[in-house]
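*Asks:* After the structure tokens below, expect a handful of questions from me.
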Amino acid sequence: MLLSVRHRTHYTYDPIAQRVALRLKLFPADCSSQTVRSWTVTVNGEAPDSHIVNGYGDGEAIWMGERTEEVEVIAEGLIETRGSDGVLRNWQMAARPAMFLRPTSLTEPGEEIRDLAAGFANIESGLERAHALSAAVRDAIDYRPGSTTATTTAVEAMRQGAGVCQDHAHVLIAAARSLGAAARYVVGYLFVGDDVGSDLIHQAETHAWAEIWIDNLGWVGFDPSNRICPTDHYIRIASGLDAPDAAPLRGSVTGNVDEALEAEVQVRQSQQ
């Protein structure tokens, strides 16, 4: 499938920000499930400097501006996608999978998540265990927009039994790590068309899921929110230990300013 993406993020500052620094992880890479046909990222109309490939295998760049009233970031292009049953093949990264065993403040498992995971500890197949964990997380946490925030932890989402895709991914990551499986947070785009049904869950800007390391197979994606592994409707952008680590845009502002944010993502099937 050929998908056209336009992701616009617009920041305004009042009064003018003395300095703005942004880390951009907005560079989808080629792998078994996708090929980048064309892709550009601009900040206020110009390409950012210092583009690198980090230890996770994801592209990232830094942008800095002085005395800035507004910042507009646009990422857009064409991505050819293919079904891979969620398996991430042909992926180059310096970091070892064991790095993703490390918990963060958002992915500490807590007693409730450890108890959930323990119910599947005796499943010998790592792949079957991961599928069972993903389903159990979705059963335990209802998809309810507005019920959590960006700072909600996996434990908090588990206790209240509601959340969004970020919470599903964090809880699944915490559960998998508690059983000794490396797991990481993935952010990307999800194409929702009539042919996949109107009940496919996604968020207005980007979508999130998890990848779990399966011995003799590698990284495998699981989307608890939709109870599936990523298909050719998914575009993978970046990964990390948790949502902040994988965030497509993250930065800092110097000055006592009020910041306003607008974000919009359009994903369409292209005929080119």
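Identifiers for the structure tokens are assigned positionally: chains receive A, B, ... in sequence, residues are indexed from 1 per chain, and ligands are indexed from 1 in the order shown.
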Excluding Asn90 of chain A and any residue of its chain fewer than 3 positions from it, enumerate the residues within 12 Å of it, using only C-alpha atoms, and give them as a PyMOL selection string.

*Replies:* chain A and resi 29-35+57+84+87+93+217-219

*Asks:* What's the 9 Å shell around segment 109-122 of chain A, counting only C-alpha atoms, without same-chain residues fewer than 5 positions away, as a list in words?

*Replies:*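 Here the answer would be Pro103, Arg129, Ala130, Ala132, Leu133, Ala136, Val137, Ala154, Val155, Met158, Arg159, Val171, Leu172, Ile173, Ala174, Ala175, Ala176, Arg177, Ser178 and Leu179 of chain A.
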
*Asks:* Hey, what's within 12 Å of Gly86 of chain A if we count only C-alpha atoms and toss same-chain stuff fewer than 6 positions away? As a list of chain:residue names, please?

*Replies:*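 In the requested form, the answer reads A:Cys31, A:Ser32, A:Ser33, A:Gln34, A:Leu127, A:Ala130, A:His131, A:Trp209, A:Ala210, A:Glu211, A:Ile212, A:Trp213, A:Ile214, A:Leu217, A:Gly218, A:Trp219, A:Val220, A:Gly221, A:Phe222, A:Asp223, A:Ile228, A:Cys229, A:Pro230, A:Thr231, A:Asp232, A:His233, A:Tyr234, A:Ile235, A:Arg236.
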
*Asks:* For those residues, write N, CA and C atoms to a file as a tab-separated table (two decimals), in the first residue's frame.

*Replies:*
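Written file, again-v1.tsv:
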chain	number	residue	atom	x	y	z
A	31	CYS	N	12.47	-0.71	6.27
A	31	CYS	CA	12.57	-2.01	6.93
A	31	CYS	C	11.67	-2.96	6.16
A	32	SER	N	11.46	-4.15	6.71
A	32	SER	CA	10.67	-5.15	5.99
A	32	SER	C	9.24	-4.72	5.75
A	33	SER	N	8.70	-3.86	6.62
A	33	SER	CA	7.30	-3.49	6.51
A	33	SER	C	7.06	-2.16	5.82
A	34	GLN	N	8.13	-1.41	5.49
A	34	GLN	CA	7.92	-0.12	4.84
A	34	GLN	C	9.15	0.32	4.06
A	127	LEU	N	6.44	-15.92	21.70
A	127	LEU	CA	5.48	-15.27	20.82
A	127	LEU	C	4.06	-15.44	21.34
A	130	ALA	N	3.54	-13.27	24.39
A	130	ALA	CA	3.38	-11.85	24.07
A	130	ALA	C	1.98	-11.57	23.54
A	131	HIS	N	1.47	-12.45	22.70
A	131	HIS	CA	0.09	-12.28	22.20
A	131	HIS	C	-0.90	-12.33	23.36
A	209	TRP	N	2.19	1.89	19.88
A	209	TRP	CA	2.08	0.46	20.17
A	209	TRP	C	3.39	0.01	20.81
A	210	ALA	N	3.57	-1.26	21.00
A	210	ALA	CA	4.78	-1.78	21.64
A	210	ALA	C	5.45	-2.79	20.73
A	211	GLU	N	6.76	-2.94	20.90
A	211	GLU	CA	7.51	-4.03	20.29
A	211	GLU	C	8.15	-4.84	21.39
A	212	ILE	N	8.07	-6.16	21.26
A	212	ILE	CA	8.63	-7.09	22.24
A	212	ILE	C	9.66	-7.97	21.54
A	213	TRP	N	10.81	-8.15	22.19
A	213	TRP	CA	11.85	-8.99	21.61
A	213	TRP	C	11.52	-10.46	21.84
A	214	ILE	N	11.42	-11.20	20.74
A	214	ILE	CA	11.13	-12.63	20.78
A	214	ILE	C	12.36	-13.37	20.30
A	217	LEU	N	13.34	-14.64	16.63
A	217	LEU	CA	12.44	-13.93	15.71
A	217	LEU	C	12.79	-12.45	15.63
A	218	GLY	N	13.12	-11.85	16.76
A	218	GLY	CA	13.48	-10.43	16.78
A	218	GLY	C	12.35	-9.58	17.35
A	219	TRP	N	12.33	-8.31	16.97
A	219	TRP	CA	11.30	-7.39	17.45
A	219	TRP	C	9.98	-7.68	16.75
A	220	VAL	N	8.91	-7.78	17.54
A	220	VAL	CA	7.57	-8.00	17.01
A	220	VAL	C	6.63	-6.96	17.60
A	221	GLY	N	5.86	-6.31	16.75
A	221	GLY	CA	4.95	-5.27	17.21
A	221	GLY	C	3.62	-5.81	17.67
A	222	PHE	N	3.07	-5.17	18.72
A	222	PHE	CA	1.76	-5.53	19.25
A	222	PHE	C	1.01	-4.24	19.55
A	223	ASP	N	-0.19	-4.13	19.02
A	223	ASP	CA	-1.04	-2.96	19.26
A	223	ASP	C	-2.23	-3.40	20.12
A	228	ILE	N	-4.32	-6.20	17.54
A	228	ILE	CA	-3.66	-6.77	16.37
A	228	ILE	C	-2.17	-6.46	16.41
A	229	CYS	N	-1.41	-7.14	15.58
A	229	CYS	CA	-0.05	-6.75	15.29
A	229	CYS	C	-0.10	-5.75	14.14
A	230	PRO	N	0.86	-4.84	14.06
A	230	PRO	CA	0.84	-3.84	12.99
A	230	PRO	C	0.75	-4.49	11.61
A	231	THR	N	-0.07	-3.87	10.76
A	231	THR	CA	-0.30	-4.33	9.40
A	231	THR	C	0.25	-3.31	8.42
A	232	ASP	N	-0.15	-3.43	7.15
A	232	ASP	CA	0.29	-2.44	6.17
A	232	ASP	C	-0.44	-1.11	6.31
A	233	HIS	N	-1.28	-0.97	7.31
A	233	HIS	CA	-1.91	0.32	7.62
A	233	HIS	C	-1.08	1.14	8.61
A	234	TYR	N	0.03	0.59	9.06
A	234	TYR	CA	0.88	1.23	10.06
A	234	TYR	C	2.17	1.74	9.42
A	235	ILE	N	2.60	2.92	9.86
A	235	ILE	CA	3.90	3.46	9.50
A	235	ILE	C	4.69	3.67	10.79
A	236	ARG	N	5.84	3.07	10.86
A	236	ARG	CA	6.68	3.16	12.06
A	236	ARG	C	7.59	4.38	11.95

*Asks:* DSSP says helix (DSSP H, G or I) for which residues of segment 92-217 of chain A? Put them as a PyMOL selection string?

*Replies:* chain A and resi 97-101+110-118+126-140+154-160+165-178+194-196

*Asks:* Please provide the set of residues having any atom within 6 Å of Ala21 of chain A, restricted to only C-alpha atoms, with same-chain residues fewer than 5 positions apart removed, written as a PyMOL selection string.

*Replies:* chain A and resi 63-64+251-252

*Asks:* Selected residues, N, CA and C atoms, written as an mmCIF file, in the first residue's frame, please.

*Replies:*
data_model
loop_
_atom_site.group_PDB
_atom_site.id
_atom_site.type_symbol
_atom_site.label_atom_id
_atom_site.label_comp_id
_atom_site.auth_asym_id
_atom_site.auth_seq_id
_atom_site.Cartn_x
_atom_site.Cartn_y
_atom_site.Cartn_z
ATOM 1 N N TRP A 63 16.906 21.066 16.206
ATOM 2 C CA TRP A 63 16.676 22.398 15.663
ATOM 3 C C TRP A 63 16.677 23.392 16.817
ATOM 4 N N MET A 64 17.327 24.535 16.619
ATOM 5 C CA MET A 64 17.351 25.583 17.636
ATOM 6 C C MET A 64 17.073 26.933 17.000
ATOM 7 N N GLY A 251 11.225 19.117 23.312
ATOM 8 C CA GLY A 251 12.139 20.244 23.349
ATOM 9 C C GLY A 251 12.040 21.060 24.612
ATOM 10 N N SER A 252 12.670 22.226 24.560
ATOM 11 C CA SER A 252 12.680 23.132 25.690
ATOM 12 C C SER A 252 12.580 24.567 25.200
#

*Asks:* Which residue gives the smallest distance to Glu124 of chain A among A:Asp167, A:Asp58, A:Asp215, A:Glu259, with only C-alpha atoms counted?

*Replies:*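 Among the listed residues, A:Asp215 lies closest to Glu124 of chain A.
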
*Asks:* So which residues of segment 130-256 of chain A fall under strand (DSSP E) by DSSP, listed as a PyMOL selection string?

*Replies:* chain A and resi 142-143+162-163+183-190+207-214+218-222+234-240+249-254

*Asks:* If you measure from atom CA of Gln92 of chain A to atom CA of Ser239 of chain A, what distance in Å do you get, rounded to one decimal?

*Replies:* 13.0 Å
